[in-house]
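K.L.:
Dropping in target-v6.cif, which is mmCIF, C-alpha atoms:
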data_structure
#
loop_
_atom_site.label_atom_id
_atom_site.label_comp_id
_atom_site.auth_asym_id
_atom_site.auth_seq_id
_atom_site.Cartn_x
_atom_site.Cartn_y
_atom_site.Cartn_z
CA MET A 1 0.00 0.00 0.00
CA ASN A 2 1.92 2.99 -1.26
CA GLN A 3 -0.95 5.33 -1.94
CA ILE A 4 -2.14 7.79 0.65
CA PRO A 5 -5.87 7.45 0.26
CA ASP A 6 -6.76 11.02 0.98
CA PRO A 7 -5.28 14.31 -0.14
CA LEU A 8 -4.12 17.17 2.06
CA THR A 9 -5.32 20.63 1.08
CA ILE A 10 -3.55 23.72 2.36
CA GLY A 11 -4.41 27.19 1.19
CA GLY A 12 -6.34 25.78 -1.78
CA THR A 13 -3.46 23.58 -2.98
CA THR A 14 -3.74 19.80 -2.77
CA PHE A 15 -0.91 17.46 -1.82
CA THR A 16 -0.58 13.68 -1.58
CA SER A 17 2.34 13.74 0.87
CA ARG A 18 1.79 14.63 4.51
CA LEU A 19 5.48 14.99 5.27
CA MET A 20 7.02 18.44 4.99
CA LEU A 21 10.80 18.70 5.08
CA GLY A 22 13.25 21.36 6.10
CA THR A 23 16.39 21.97 4.04
CA GLY A 24 18.72 22.97 6.88
CA LYS A 25 21.67 21.12 8.43
CA TYR A 26 22.39 18.79 5.50
CA HIS A 27 26.05 18.08 4.81
CA ASP A 28 25.62 19.03 1.15
CA PHE A 29 22.98 19.73 -1.45
CA GLY A 30 23.32 16.25 -2.98
CA LEU A 31 22.41 14.57 0.29
CA MET A 32 19.55 17.02 0.79
CA GLN A 33 18.17 16.32 -2.68
CA ALA A 34 18.36 12.56 -2.14
CA ALA A 35 16.59 12.86 1.24
CA LEU A 36 13.84 15.05 -0.22
CA GLU A 37 13.35 12.52 -3.00
CA ALA A 38 13.26 9.55 -0.61
CA SER A 39 10.75 11.29 1.64
CA GLY A 40 8.25 11.91 -1.14
CA THR A 41 7.76 15.39 0.29
CA GLN A 42 5.99 18.08 -1.69
CA ILE A 43 6.50 21.00 0.69
CA VAL A 44 9.98 22.18 1.69
CA THR A 45 10.98 24.99 4.00
CA VAL A 46 13.80 27.43 3.32
CA ALA A 47 15.27 30.32 5.28
CA ILE A 48 16.15 33.89 4.36
CA ARG A 49 19.47 35.44 5.33
CA ARG A 50 21.49 38.52 4.49
CA VAL A 51 24.02 37.92 1.72
CA GLU A 52 27.63 38.21 2.74
CA LEU A 53 28.76 41.38 1.08
CA LYS A 54 31.86 41.38 -1.06
CA ALA A 55 32.07 37.59 -0.72
CA PRO A 56 32.55 35.58 -3.89
CA GLY A 57 29.58 33.67 -5.35
CA HIS A 58 27.11 31.81 -3.19
CA ASP A 59 25.92 28.27 -3.62
CA GLY A 60 22.32 28.68 -4.63
CA LEU A 61 19.84 26.57 -2.70
CA LEU A 62 17.09 27.53 -5.13
CA ASP A 63 19.18 26.14 -7.97
CA ALA A 64 19.46 22.84 -6.09
CA LEU A 65 15.68 22.46 -5.70
CA ASN A 66 13.33 21.40 -8.48
CA LEU A 67 10.84 24.21 -8.04
CA ASP A 68 8.25 22.39 -10.20
CA GLN A 69 8.31 19.51 -7.76
CA PHE A 70 8.07 21.35 -4.45
CA GLN A 71 5.91 23.98 -2.85
CA LEU A 72 8.46 26.28 -1.28
CA LEU A 73 7.69 27.34 2.26
CA PRO A 74 10.03 30.16 3.29
CA ASN A 75 10.29 30.69 7.03
CA THR A 76 10.96 33.68 9.23
CA ALA A 77 13.40 31.77 11.44
CA GLY A 78 15.55 34.10 13.49
CA CYS A 79 12.90 36.83 13.73
CA ARG A 80 12.32 37.95 17.30
CA THR A 81 9.38 40.31 16.77
CA ALA A 82 6.29 40.60 14.61
CA GLU A 83 7.87 43.54 12.80
CA GLU A 84 11.00 41.60 11.89
CA ALA A 85 8.89 38.68 10.71
CA VAL A 86 6.73 40.88 8.48
CA ARG A 87 9.84 42.39 6.89
CA VAL A 88 11.47 39.00 6.31
CA ALA A 89 8.18 37.66 4.90
CA LYS A 90 8.18 40.39 2.26
CA LEU A 91 11.83 39.72 1.44
CA ALA A 92 11.04 35.99 1.21
CA ARG A 93 8.21 36.64 -1.21
CA ALA A 94 10.46 38.84 -3.32
CA ALA A 95 13.26 36.24 -3.28
CA THR A 96 11.15 33.19 -4.07
CA GLY A 97 8.09 34.52 -5.86
CA VAL A 98 5.84 32.51 -3.53
CA SER A 99 3.48 33.87 -0.92
CA TRP A 100 3.57 30.89 1.42
CA LEU A 101 5.18 31.57 4.74
CA LYS A 102 6.07 29.54 7.78
CA LEU A 103 5.68 32.27 10.36
CA GLU A 104 8.10 32.10 13.26
CA VAL A 105 8.34 34.81 15.90
CA ILE A 106 10.83 33.52 18.44
CA PRO A 107 12.34 35.83 21.04
CA ASP A 108 13.86 33.06 23.15
CA PRO A 109 17.14 31.57 21.84
CA LYS A 110 17.47 28.83 24.43
CA PHE A 111 14.28 26.89 23.89
CA LEU A 112 13.23 28.61 20.64
CA LEU A 113 9.68 28.93 21.91
CA PRO A 114 7.40 31.14 19.83
CA ASP A 115 5.84 34.41 21.02
CA PRO A 116 2.08 33.82 20.75
CA ILE A 117 1.12 37.49 20.76
CA GLY A 118 3.73 38.54 18.22
CA THR A 119 2.84 35.56 16.05
CA LEU A 120 -0.84 36.46 16.01
CA ARG A 121 -0.08 40.12 15.29
CA ALA A 122 2.25 39.23 12.40
CA ALA A 123 -0.26 36.69 11.06
CA GLU A 124 -3.01 39.30 10.93
CA ILE A 125 -0.77 41.68 9.01
CA LEU A 126 0.53 39.03 6.59
CA VAL A 127 -2.87 37.51 5.83
CA GLY A 128 -3.96 41.06 4.99
CA GLU A 129 -0.98 41.33 2.65
CA GLY A 130 -2.04 38.20 0.77
CA PHE A 131 0.30 35.65 2.31
CA THR A 132 -0.63 32.02 2.90
CA VAL A 133 0.43 31.87 6.53
CA LEU A 134 1.44 28.70 8.37
CA PRO A 135 2.25 29.84 11.91
CA TYR A 136 4.59 27.98 14.26
CA VAL A 137 3.07 27.91 17.73
CA GLN A 138 2.99 26.16 21.04
CA ALA A 139 0.18 23.62 21.35
CA ASP A 140 -2.37 26.18 22.58
CA ALA A 141 -5.94 25.59 21.44
CA VAL A 142 -7.09 29.15 22.14
CA LEU A 143 -4.24 30.65 20.14
CA ALA A 144 -4.87 28.14 17.35
CA ARG A 145 -8.48 29.30 17.06
CA LEU A 146 -7.42 32.94 17.00
CA LEU A 147 -4.91 32.25 14.23
CA GLU A 148 -7.53 30.32 12.30
CA ALA A 149 -9.95 33.21 12.66
CA ALA A 150 -7.21 35.56 11.43
CA GLY A 151 -7.12 33.57 8.20
CA CYS A 152 -4.08 31.33 8.66
CA ALA A 153 -3.92 28.32 6.34
CA THR A 154 -2.77 25.92 9.07
CA VAL A 155 -1.57 25.94 12.61
CA MET A 156 1.77 24.28 13.37
CA PRO A 157 2.08 23.30 17.03
CA LEU A 158 5.47 22.09 18.18
CA ALA A 159 6.01 18.53 19.41
CA SER A 160 9.01 19.62 21.49
CA PRO A 161 11.58 22.41 21.07
CA ILE A 162 13.21 22.76 17.65
CA GLY A 163 16.07 20.37 17.02
CA THR A 164 15.68 18.43 20.27
CA GLY A 165 14.33 15.20 18.80
CA LYS A 166 12.35 14.56 21.96
CA GLY A 167 9.12 13.71 20.19
CA LEU A 168 5.56 14.55 21.24
CA ARG A 169 5.93 15.82 24.79
CA SER A 170 2.37 17.06 25.14
CA PRO A 171 0.05 14.85 23.11
CA GLU A 172 -2.92 15.92 25.25
CA LEU A 173 -2.35 19.55 24.31
CA ILE A 174 -1.97 18.61 20.63
CA ARG A 175 -5.29 16.83 21.01
CA THR A 176 -6.95 20.02 22.26
CA VAL A 177 -5.60 21.89 19.22
CA LEU A 178 -6.93 19.15 16.92
CA ASP A 179 -10.36 19.10 18.54
CA GLY A 180 -12.59 21.16 16.29
CA ALA A 181 -9.76 22.65 14.23
CA GLY A 182 -11.00 24.13 10.97
CA VAL A 183 -7.59 24.18 9.27
CA PRO A 184 -4.96 21.46 8.91
CA VAL A 185 -2.87 21.00 12.06
CA VAL A 186 0.76 20.33 11.19
CA VAL A 187 2.98 19.10 14.01
CA ASP A 188 6.30 20.84 13.59
CA ALA A 189 9.58 20.65 15.47
CA GLY A 190 11.08 18.19 17.89
CA LEU A 191 10.17 14.95 16.16
CA GLY A 192 13.07 12.52 16.55
CA VAL A 193 12.05 9.23 14.97
CA PRO A 194 9.35 8.01 12.57
CA SER A 195 7.22 6.67 15.43
CA ASP A 196 6.91 10.29 16.64
CA ALA A 197 5.51 11.22 13.24
CA ALA A 198 3.22 8.20 13.27
CA GLN A 199 1.95 9.20 16.71
CA ALA A 200 1.17 12.74 15.52
CA LEU A 201 -0.76 11.45 12.52
CA GLU A 202 -2.55 8.83 14.65
CA LEU A 203 -3.80 11.64 16.88
CA GLY A 204 -5.27 13.33 13.81
CA ALA A 205 -2.56 15.78 12.76
CA ALA A 206 -2.86 16.51 9.05
CA ALA A 207 0.90 16.45 8.47
CA VAL A 208 4.28 16.84 10.14
CA LEU A 209 7.34 18.92 9.38
CA VAL A 210 10.76 17.33 9.94
CA ASN A 211 14.27 18.67 9.49
CA THR A 212 16.89 17.79 12.10
CA ALA A 213 15.77 14.19 12.65
CA ILE A 214 16.48 13.45 9.00
CA ALA A 215 19.43 15.75 8.35
CA GLU A 216 21.31 14.55 11.45
CA ALA A 217 20.58 10.85 10.98
CA ASP A 218 23.57 8.66 10.16
CA ASP A 219 21.82 7.92 6.87
CA PRO A 220 19.51 10.85 6.05
CA VAL A 221 18.13 9.21 2.92
CA ALA A 222 17.07 6.05 4.74
CA MET A 223 15.64 8.12 7.59
CA ALA A 224 13.66 10.24 5.12
CA GLN A 225 12.11 7.09 3.74
CA ALA A 226 11.44 5.82 7.27
CA PHE A 227 9.63 9.06 8.13
CA ALA A 228 7.53 8.75 4.98
CA LEU A 229 6.48 5.27 6.11
CA GLY A 230 5.80 6.50 9.65
CA VAL A 231 3.57 9.25 8.31
CA GLN A 232 1.71 6.81 6.08
CA ALA A 233 1.25 4.35 8.96
CA GLY A 234 -0.01 7.06 11.28
CA ARG A 235 -2.44 8.46 8.75
CA LEU A 236 -3.84 5.05 7.83
CA ALA A 237 -4.23 4.21 11.52
CA TYR A 238 -6.07 7.47 12.12
CA LEU A 239 -8.44 6.79 9.23
CA ALA A 240 -8.88 3.18 10.35
CA GLY A 241 -10.02 4.35 13.79
CA ARG A 242 -8.19 3.08 16.82
CA MET A 243 -9.67 0.67 19.36
CA THR A 244 -10.80 1.92 22.73
CA SER A 245 -8.13 1.40 25.36
CA ARG A 246 -9.04 -0.53 28.51
CA ASP A 247 -7.61 -0.71 31.99
CA SER A 248 -7.93 -4.49 32.29
CA ALA A 249 -7.11 -7.27 29.86
CA SER A 250 -9.52 -8.66 27.31
CA PRO A 251 -8.66 -12.11 25.88
CA SER A 252 -8.31 -12.31 22.14
CA SER A 253 -9.20 -16.05 22.05
CA PRO A 254 -12.68 -17.33 23.03
CA VAL A 255 -13.06 -18.03 26.75
CA SER A 256 -15.37 -21.03 26.20
CA GLY A 257 -14.14 -24.52 25.27
CA VAL A 258 -10.74 -24.15 26.84
CA VAL A 259 -9.03 -27.51 27.50
CA ARG A 260 -8.61 -28.21 31.24
CA LEU A 261 -6.90 -31.05 33.15
CA PRO A 262 -9.19 -33.98 33.94
CA ASP A 263 -11.46 -33.48 36.96
CA PRO A 264 -10.22 -36.14 39.53
CA GLU A 265 -13.71 -36.63 40.95
CA LEU A 266 -15.16 -37.55 37.56
CA VAL A 267 -12.22 -39.87 36.75
CA ASP A 268 -12.42 -41.71 40.11
CA GLY A 269 -16.20 -42.20 39.85
CA MET B 1 23.24 54.80 4.61
CA GLN B 2 22.86 51.30 6.00
CA VAL B 3 23.33 48.07 4.06
CA ASN B 4 22.58 44.71 5.70
CA GLY B 5 22.83 46.24 9.13
CA GLU B 6 26.21 47.89 8.57
CA PRO B 7 26.96 51.54 7.85
CA HIS B 8 27.87 52.09 4.22
CA PRO B 9 29.64 55.18 2.86
CA TYR B 10 27.15 57.24 0.89
CA THR B 11 28.15 58.98 -2.30
CA PRO B 12 25.78 61.48 -3.93
CA SER B 13 23.75 60.15 -6.89
CA LEU B 14 24.67 56.55 -6.06
CA THR B 15 22.09 54.21 -7.61
CA LEU B 16 20.92 50.81 -6.45
CA HIS B 17 22.53 48.99 -9.37
CA GLN B 18 25.81 50.78 -8.70
CA LEU B 19 25.60 49.74 -5.05
CA LEU B 20 25.10 46.09 -6.03
CA GLN B 21 28.14 46.34 -8.30
CA GLN B 22 30.22 47.90 -5.53
CA LEU B 23 29.23 45.05 -3.24
CA ALA B 24 29.82 42.37 -5.90
CA VAL B 25 26.25 41.08 -5.50
CA ALA B 26 24.75 39.33 -8.53
CA PRO B 27 21.09 40.32 -8.57
CA ASP B 28 19.76 36.89 -9.57
CA ARG B 29 18.41 34.82 -6.70
CA VAL B 30 18.51 37.63 -4.16
CA ALA B 31 15.82 39.94 -2.87
CA ILE B 32 16.33 43.57 -2.02
CA ALA B 33 14.55 45.99 0.24
CA VAL B 34 15.13 49.71 0.04
CA ASN B 35 13.39 50.99 3.13
CA ASP B 36 9.86 49.56 2.76
CA ASP B 37 10.04 48.70 -0.95
CA PHE B 38 10.74 45.06 -1.77
CA TYR B 39 12.11 43.72 -5.05
CA ALA B 40 13.19 40.46 -6.61
CA GLY B 41 16.87 41.07 -7.30
CA GLY B 42 16.55 40.92 -11.07
CA GLN B 43 13.67 43.41 -11.03
CA ALA B 44 15.13 45.99 -8.70
CA PRO B 45 14.98 49.46 -10.27
CA ASP B 46 18.12 51.47 -10.77
CA CYS B 47 16.83 54.13 -8.41
CA GLU B 48 18.97 56.81 -6.87
CA LEU B 49 19.67 56.16 -3.21
CA ALA B 50 19.55 58.64 -0.36
CA ALA B 51 21.94 59.02 2.57
CA GLU B 52 19.31 57.85 5.04
CA ASP B 53 18.24 54.76 3.06
CA VAL B 54 18.21 51.34 4.69
CA VAL B 55 19.03 48.57 2.23
CA GLU B 56 18.69 44.83 2.80
CA ILE B 57 20.00 42.22 0.38
CA VAL B 58 19.03 38.65 1.21
CA ARG B 59 19.16 35.21 -0.30
CA VAL B 60 17.47 31.87 0.22
CA ILE B 61 19.38 29.27 2.24
CA GLY B 62 18.59 25.93 3.83
CA GLY B 63 16.42 26.02 6.91
CA GLY B 64 13.56 24.35 8.73
#
Translate the structure of the given file into structure tokens.

P.N.:
Amino acid sequence: MNQIPDPLTIGGTTFTSRLMLGTGKYHDFGLMQAALEASGTQIVTVAIRRVELKAPGHDGLLDALNLDQFQLLPNTAGCRTAEEAVRVAKLARAATGVSWLKLEVIPDPKFLLPDPIGTLRAAEILVGEGFTVLPYVQADAVLARLLEAAGCATVMPLASPIGTGKGLRSPELIRTVLDGAGVPVVVDAGLGVPSDAAQALELGAAAVLVNTAIAEADDPVAMAQAFALGVQAGRLAYLAGRMTSRDSASPSSPVSGVVRLPDPELVDG
Amino acid sequence: MQVNGEPHPYTPSLTLHQLLQQLAVAPDRVAIAVNDDFYAGGQAPDCELAAEDVVEIVRVIGGG
């Protein structure tokens, strides 16, 4: 079973893959390209940085990506305030020609946790400017609804802090974001292994975004494929509908007709 | 004037294209902001710059 049975629609565009990939931290472009290919991803994030002035030519990431194959998703990584994020968003649109944006407003360098108020403020501005906004947030259901009402195309709650690989630390909070969400919920950041991705999809997340777990694997290409399988497994399990969990055991074999040792009273008689 | 966060010596009648040449920046695959105007590098106008202008020149790199 290689076919995802149901498409994912974000901002009016339909995708068959539910695995988004980052393009950071790869050893080289060749490895990145091979990992993207193995993952089957259709949405890839990129970052925007100042050019080094008076430095000789730059390796062009955009030249290394088949832009017909991928929906580019520029991010505002590194922005600490709504104002910085809005400025970087406009530079990103000018640099890439696409209006999709992974909105990150992160004042805290240690845990890279997003500023909910700045994120909402930037989202309102950017939606008004015609951007398709995918905001990176903590798993906060109230904030998610506010972002949805502001016109965001998704919400992207974090599993655990960026680059930690600790997996879903607050599945109950993710569940509250998923409950009644009107836009796709994409679990982003902190996923470490494919079972983390499967767990997110099993809960009902529409997709996941992975970078470090693949780029820092010993074999990024194999790990990209493993994440693709984890995402497929999780999605199929979600659609299949999980059993109800119980506190006590329930035998899988019939309880009647079990062979017992002879009853001594019957034998003696 | 300020370019990518650093002070840059201003010369009267300096244009944006001249600035890019001075800085050895190829306009393809970059984006440029002059104050609050944003351009794809290849479409940036050859406008005259002012001493108080703030210029940003960025490119796309790998990231999550």

K.L.:
Please check the contacts: residues of chain A at most 9 Å away from chain B, using all atoms listed in the file, listed as an MDAnalysis selection string.

P.N.:
chainID A and resid 21:26 44:57 59:63 74:75 77 87 90:97 189 209:212

K.L.:
Quick one: pull the distance between atom CA of Met1 of chain B and atom CA of Val88 of chain A, Å, one decimal.

P.N.:
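Spanning atom CA of Met1 of chain B to atom CA of Val88 of chain A is a straight-line distance of 19.8 Å.
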
K.L.:
Mind giving me the straight-line distance from atom CA of Thr13 of chain A to atom CA of Gln69 of chain A in Å, one decimal?

P.N.:
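Distance between the two atoms: 13.3 Å.
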
K.L.:
I'd like the interatomic distance between atom CA of Ser248 of chain A and atom CA of Ala198 of chain A, to a tenth of an Å.

P.N.:
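Atom CA of Ala198 of chain A lies 25.4 Å from atom CA of Ser248 of chain A.
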
K.L.:
Quick one: apply the PyMOL selection byres ((chain A and resi 117) around 12) to the file and drop the selected residues here as a ChimeraX atom specification.

P.N.:
/A:80-82,104-107,114-116,118-124,135,137-138,140,142-144,146-147

K.L.:
Name all residues at most 10 Å from Gln71 of chain A (count all atoms listed in the file; drop same-chain ones fewer than 3 positions away) and give them as a PyMOL selection string.

P.N.:
chain A and resi 13+15+20+41-45+66-68+74+98+100

K.L.:
Need the shell around segment 165-176 of chain A: protein/DNA/RNA residues with any atom at most 12 Å away, counting all atoms listed in the file. Skip same-chain ones fewer than 6 positions apart. Format as number ranges by chain?

P.N.:
A: 137-145, 155-159, 185-206, 208, 210-217

K.L.:
For the residues in the current selection, export C-alpha atoms as a CSV table (one decimal), in the coordinates of the input.

P.N.:
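Saved result, part25.csv, follows:
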chain,number,residue,atom,x,y,z
A,137,VAL,CA,3.1,27.9,17.7
A,138,GLN,CA,3.0,26.2,21.0
A,139,ALA,CA,0.2,23.6,21.4
A,140,ASP,CA,-2.4,26.2,22.6
A,141,ALA,CA,-5.9,25.6,21.4
A,142,VAL,CA,-7.1,29.2,22.1
A,143,LEU,CA,-4.2,30.6,20.1
A,144,ALA,CA,-4.9,28.1,17.4
A,145,ARG,CA,-8.5,29.3,17.1
A,155,VAL,CA,-1.6,25.9,12.6
A,156,MET,CA,1.8,24.3,13.4
A,157,PRO,CA,2.1,23.3,17.0
A,158,LEU,CA,5.5,22.1,18.2
A,159,ALA,CA,6.0,18.5,19.4
A,185,VAL,CA,-2.9,21.0,12.1
A,186,VAL,CA,0.8,20.3,11.2
A,187,VAL,CA,3.0,19.1,14.0
A,188,ASP,CA,6.3,20.8,13.6
A,189,ALA,CA,9.6,20.6,15.5
A,190,GLY,CA,11.1,18.2,17.9
A,191,LEU,CA,10.2,15.0,16.2
A,192,GLY,CA,13.1,12.5,16.6
A,193,VAL,CA,12.0,9.2,15.0
A,194,PRO,CA,9.4,8.0,12.6
A,195,SER,CA,7.2,6.7,15.4
A,196,ASP,CA,6.9,10.3,16.6
A,197,ALA,CA,5.5,11.2,13.2
A,198,ALA,CA,3.2,8.2,13.3
A,199,GLN,CA,2.0,9.2,16.7
A,200,ALA,CA,1.2,12.7,15.5
A,201,LEU,CA,-0.8,11.4,12.5
A,202,GLU,CA,-2.6,8.8,14.6
A,203,LEU,CA,-3.8,11.6,16.9
A,204,GLY,CA,-5.3,13.3,13.8
A,205,ALA,CA,-2.6,15.8,12.8
A,206,ALA,CA,-2.9,16.5,9.0
A,208,VAL,CA,4.3,16.8,10.1
A,210,VAL,CA,10.8,17.3,9.9
A,211,ASN,CA,14.3,18.7,9.5
A,212,THR,CA,16.9,17.8,12.1
A,213,ALA,CA,15.8,14.2,12.6
A,214,ILE,CA,16.5,13.4,9.0
A,215,ALA,CA,19.4,15.8,8.4
A,216,GLU,CA,21.3,14.6,11.4
A,217,ALA,CA,20.6,10.8,11.0

K.L.:
Translate the PyMOL selection byres ((chain B and resi 45) around 8), as applied to the file shown, into an explicit residue set as a ChimeraX atom specification.

P.N.:
/B:16-17,43-44,46-47

K.L.:
Taking the file as shown, find all residues satisfying the PyMOL selection byres ((chain A and resi 154) around 6) and write them as a PyMOL selection string.

P.N.:
chain A and resi 134+152-153+155+183-185

K.L.:
Atoms to include: C-alpha atoms. Write the selected residues as a tab-separated table (two decimals), keeping the file's coordinate frame.

P.N.:
chain	number	residue	atom	x	y	z
A	134	LEU	CA	1.44	28.70	8.37
A	152	CYS	CA	-4.08	31.33	8.66
A	153	ALA	CA	-3.92	28.32	6.34
A	155	VAL	CA	-1.57	25.94	12.61
A	183	VAL	CA	-7.59	24.18	9.27
A	184	PRO	CA	-4.96	21.46	8.91
A	185	VAL	CA	-2.87	21.00	12.06

K.L.:
Would you list the residues near (2.9, 38.1, 8.0), meaning any protein, DNA or RNA residue with an atom at most 8 Å from that point in file coordinates, counting only C-alpha atoms, as a list in words?

P.N.:
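Checked against the point, the hits come out as Ala82, Ala85, Val86, Ala89, Leu101, Leu103, Ala122, Ala123, Glu124, Ile125, Leu126, Val127, Glu129, Phe131 and Val133 of chain A.
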
K.L.:
For each of B:Pro7, B:Thr15, B:Pro27, B:Gln2, take the minimum atom-to-atom distance to Asp53 of chain B, counting all atoms listed in the file, then give the residue where this is smallest.

P.N.:
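Nearest candidate to Asp53 of chain B out of B:Pro7, B:Thr15, B:Pro27, B:Gln2: B:Gln2.
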
K.L.:
Which is closest to Leu73 of chain A among A:Thr132, A:Gln33, A:Thr244, A:Ser17, if we use all atoms listed in the file?

P.N.:
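Once distances to Leu73 of chain A are computed over all atoms listed in the file, the minimum belongs to A:Thr132.
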
K.L.:
Taking the point (12.6, 9.8, 3.4) as given in the file, collect each protein or nucleic acid residue that comes within 8 Å of it, counting all atoms listed in the file, and present the set as a PyMOL selection string.

P.N.:
chain A and resi 35-40+214+220-228

K.L.:
With only C-alpha atoms as the atoms that count, which of A:Tyr238, A:Phe70, A:Tyr136, A:Phe111 lies nearest to Ile162 of chain A?

P.N.:
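With only C-alpha atoms as the atom set, the closest residue is A:Phe111.
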